Structure formats: structure tokens, C-alpha cells
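Down below is the structure, laid out as C-alpha cells.
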Amino acid sequence: MKIKLDENLSRHLKSSLLQAGHDATTAFGQGLAGKSDEELAAAARDEGRMVFTLDVEFADLRRFPPGTHPGIVVFRPRSMGPLAVHHLILQFASTNLDEVIGCTVVVEPDRVRVRRPPDPDF
């Protein structure tokens with residue numbers, strides 16, 4: 001899966017995600033640090049990348065409706081310690097990410113909430 005790591009995530013996650021078979025880039029590495037959420041989301045959309053972030057504002061369905069992006073995944077670990085965050089992200093990244101393409105996902109240690117794009121048949 002093509003993934004863009006928001007600036008609030010460790011750049012060290014990139015190598016772990018690459019080892020897990022993903023194509024990962026970082027906001028920092030692409031000069032997007034300090035840019036708005038909309039700018040980061042637009043860059044990820046243009047590159048066909050899912051956004052991985054700790055920023056709960058990305059879960060705002062009015063700003064980032066499911067189906068208008070390749071996917072946004074907001075991680076909500078119990079602890080913001082780097083090891084806990086790293087573990088939660090790698091655990092989620094080991095699942096079938098194809099199932100959440102275009103979705104807005106909130107990942108917590110004990111549950112995953114998925115908002116899917118509207119069904120075009122309705």
C-alpha cells in the first residue's frame with residue numbers, strides 16, 4: 001500500500017513500513033511539514049497515498065469525506081510513547097489495507113472504526 005506519514009509520526013516508521021512491503025513516504029521528507037491538513041491530504045490524494053496520522057482533525061468527515069481520498073487512518077494509542085504508537089501502526093499495517101481504501105478509519109488498541117464512502121446505488 002502507498003502510505004504518507006503525517007509529520008506527527010516518527011520518520012523511523014517509514015523504514016519499518018518499507019520492510020513490511022509498503023511504499024511509505026513522510027510529510028517531512030517531502031517538504032510538507034508545517035503545511036495545513038488540506039495541503040497534506042491533497043498531496044497524498046495526488047500521489048494515491050493513504051494518510052497515517054495522530055491528528056484527530058483528519059477524522060472530520062465534513063472536511064475529508066470518505067471516497068474523496070485514498071484513505072485516512074487516524075491512530076489513537078493509549079499511550080503517546082513512541083513504542084506504543086509504532087506498535088499500533090505496524091499492527092494495523094499488517095492487515096489487509098485494501099479493505100479500507102477510500103475510507104476514514106480510526107484505530108484504537110481495542111477497536112477499529114471504519115467510515116466507508118456512500119453506496120452509489122442509493
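Convention: chains lettered A, B, ... in C-alpha cells order; per-chain residue numbering from 1; ligands numbered from 1 as shown.
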### Query
Tell me, which residues of chain A carry DSSP helix (DSSP H, G or I), written as a PyMOL selection string?
chain A and resi 13-19+28-30+37-47+56-59+82-93+97-100
### Residues flagged strand (DSSP E or B) by DSSP in chain A, as JSON, numbers by chain
{"A": [2, 3, 4, 5, 23, 24, 25, 26, 50, 51, 52, 53, 72, 73, 74, 75, 104, 105, 106, 107, 108, 111, 112, 113, 114, 115]}
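Residues with any atom within 8 Å of segment 15-22 of chain A, counting only C-alpha atoms and excluding same-chain neighbours fewer than 2 positions away, are Met1, Lys2, Ile3, His12, Leu13, Ala24, Leu90, Ala93 and Ser94 of chain A.
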Please produce a file of those selected residues containing C-alpha atoms, as a PDB file, in the first residue's frame.
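Below you can see out16.pdb, which holds the result:
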ATOM      1  CA  MET A   1       0.000   0.000   0.000  1.00  0.00           C
ATOM      2  CA  LYS A   2       1.140   3.559  -0.671  1.00  0.00           C
ATOM      3  CA  ILE A   3       1.256   5.457   2.624  1.00  0.00           C
ATOM      4  CA  HIS A  12      11.556   5.981  11.708  1.00  0.00           C
ATOM      5  CA  LEU A  13       8.210   4.326  10.923  1.00  0.00           C
ATOM      6  CA  ALA A  24       5.882   4.829   2.533  1.00  0.00           C
ATOM      7  CA  LEU A  90       2.611  -1.656  12.437  1.00  0.00           C
ATOM      8  CA  ALA A  93      -0.455  -2.002   8.648  1.00  0.00           C
ATOM      9  CA  SER A  94      -0.148  -5.799   8.756  1.00  0.00           C
TER      10      SER A  94
END
### Task
Mind checking which residues fall within 6 Å of Ile101 of chain A, counting only C-alpha atoms, ignoring those fewer than 3 positions away in the same chain, and posting them as a PyMOL selection string?
chain A and resi 70-71+98
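Among the candidates A:Thr104, A:Thr53, A:Gln91, A:Thr26, the residue lying nearest to Pro117 of chain A is A:Thr104 (atoms considered: only C-alpha atoms).
A straight line drawn from atom CA of Arg76 of chain A to atom CA of Asp119 of chain A is 27.2 Å long.
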Which residues, written as a JSON list (two decimals) with N, CA and C atoms, in the first residue's frame, have at least one atom at most 7 Å from Cys103 of chain A, with only C-alpha atoms counted and residues fewer than 5 positions away on the same chain left out?
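Below is the file out_2.json, written as the result:
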[["chain", "number", "residue", "atom", "x", "y", "z"],
["A", 66, "PRO", "N", -15.26, 10.34, 3.25],
["A", 66, "PRO", "CA", -14.83, 9.06, 2.65],
["A", 66, "PRO", "C", -15.18, 9.03, 1.17],
["A", 67, "GLY", "N", -14.27, 8.48, 0.40],
["A", 67, "GLY", "CA", -14.47, 8.39, -1.04],
["A", 67, "GLY", "C", -13.83, 9.54, -1.81],
["A", 71, "GLY", "N", -7.65, 7.20, 1.43],
["A", 71, "GLY", "CA", -7.81, 6.64, 2.77],
["A", 71, "GLY", "C", -7.12, 7.52, 3.79],
["A", 72, "ILE", "N", -7.76, 7.68, 4.93],
["A", 72, "ILE", "CA", -7.17, 8.41, 6.05],
["A", 72, "ILE", "C", -7.29, 7.49, 7.26],
["A", 114, "VAL", "N", -14.54, 2.20, 11.01],
["A", 114, "VAL", "CA", -14.36, 2.48, 9.59],
["A", 114, "VAL", "C", -15.59, 3.20, 9.05],
["A", 115, "ARG", "N", -15.37, 4.34, 8.44],
["A", 115, "ARG", "CA", -16.44, 5.06, 7.73],
["A", 115, "ARG", "C", -16.15, 4.90, 6.25],
["A", 116, "ARG", "N", -17.07, 4.23, 5.58],
["A", 116, "ARG", "CA", -16.90, 3.93, 4.16],
["A", 116, "ARG", "C", -17.56, 4.99, 3.29],
["A", 117, "PRO", "N", -17.13, 5.08, 2.03],
["A", 117, "PRO", "CA", -17.80, 6.01, 1.11],
["A", 117, "PRO", "C", -19.27, 5.63, 0.96]]
Taking 6 positions as the minimum chain separation for residues in the same chain, which residues sit within 9 Å of Arg11 of chain A when counting only C-alpha atoms? Answer as a PDB file with C-alpha atoms, in the first residue's frame.
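Okay, this is what ended up in selection34.pdb:
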ATOM      1  CA  LEU A   5       3.141   9.536   7.250  1.00  0.00           C
ATOM      2  CA  THR A  25       6.849   8.493   2.399  1.00  0.00           C
ATOM      3  CA  THR A  26       6.886  11.164   5.088  1.00  0.00           C
ATOM      4  CA  ALA A  27       5.398  14.642   5.135  1.00  0.00           C
ATOM      5  CA  PHE A  28       8.725  15.908   6.454  1.00  0.00           C
ATOM      6  CA  GLY A  29      10.711  14.254   3.661  1.00  0.00           C
TER       7      GLY A  29
END
If you count only C-alpha atoms, which residues fall within 12 Å of Ser79 of chain A, apart from same-chain ones fewer than 6 positions away, as a PDB file with C-alpha atoms, in the first residue's frame?
ATOM      1  CA  LEU A  54      -2.323  11.028  15.019  1.00  0.00           C
ATOM      2  CA  VAL A  85       2.470   4.344  18.626  1.00  0.00           C
ATOM      3  CA  HIS A  86       4.907   2.349  16.489  1.00  0.00           C
ATOM      4  CA  HIS A  87       3.378  -0.961  17.603  1.00  0.00           C
ATOM      5  CA  LEU A  88      -0.219   0.153  16.936  1.00  0.00           C
ATOM      6  CA  GLU A 108      -7.562   2.263  18.770  1.00  0.00           C
ATOM      7  CA  PRO A 109      -5.816  -0.587  20.593  1.00  0.00           C
TER       8      PRO A 109
END
### Summary
The distance between atom CA of Gly34 of chain A and atom CA of Glu7 of chain A is 8.0 Å
### Query
By how many Å are atom CA of Met50 of chain A and atom CA of Val73 of chain A apart?
7.3 Å
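Compared by their closest atoms to Arg45 of chain A, and using only C-alpha atoms, the residues A:Phe75, A:Lys14, A:His69, A:Val112 rank with A:His69 nearest.
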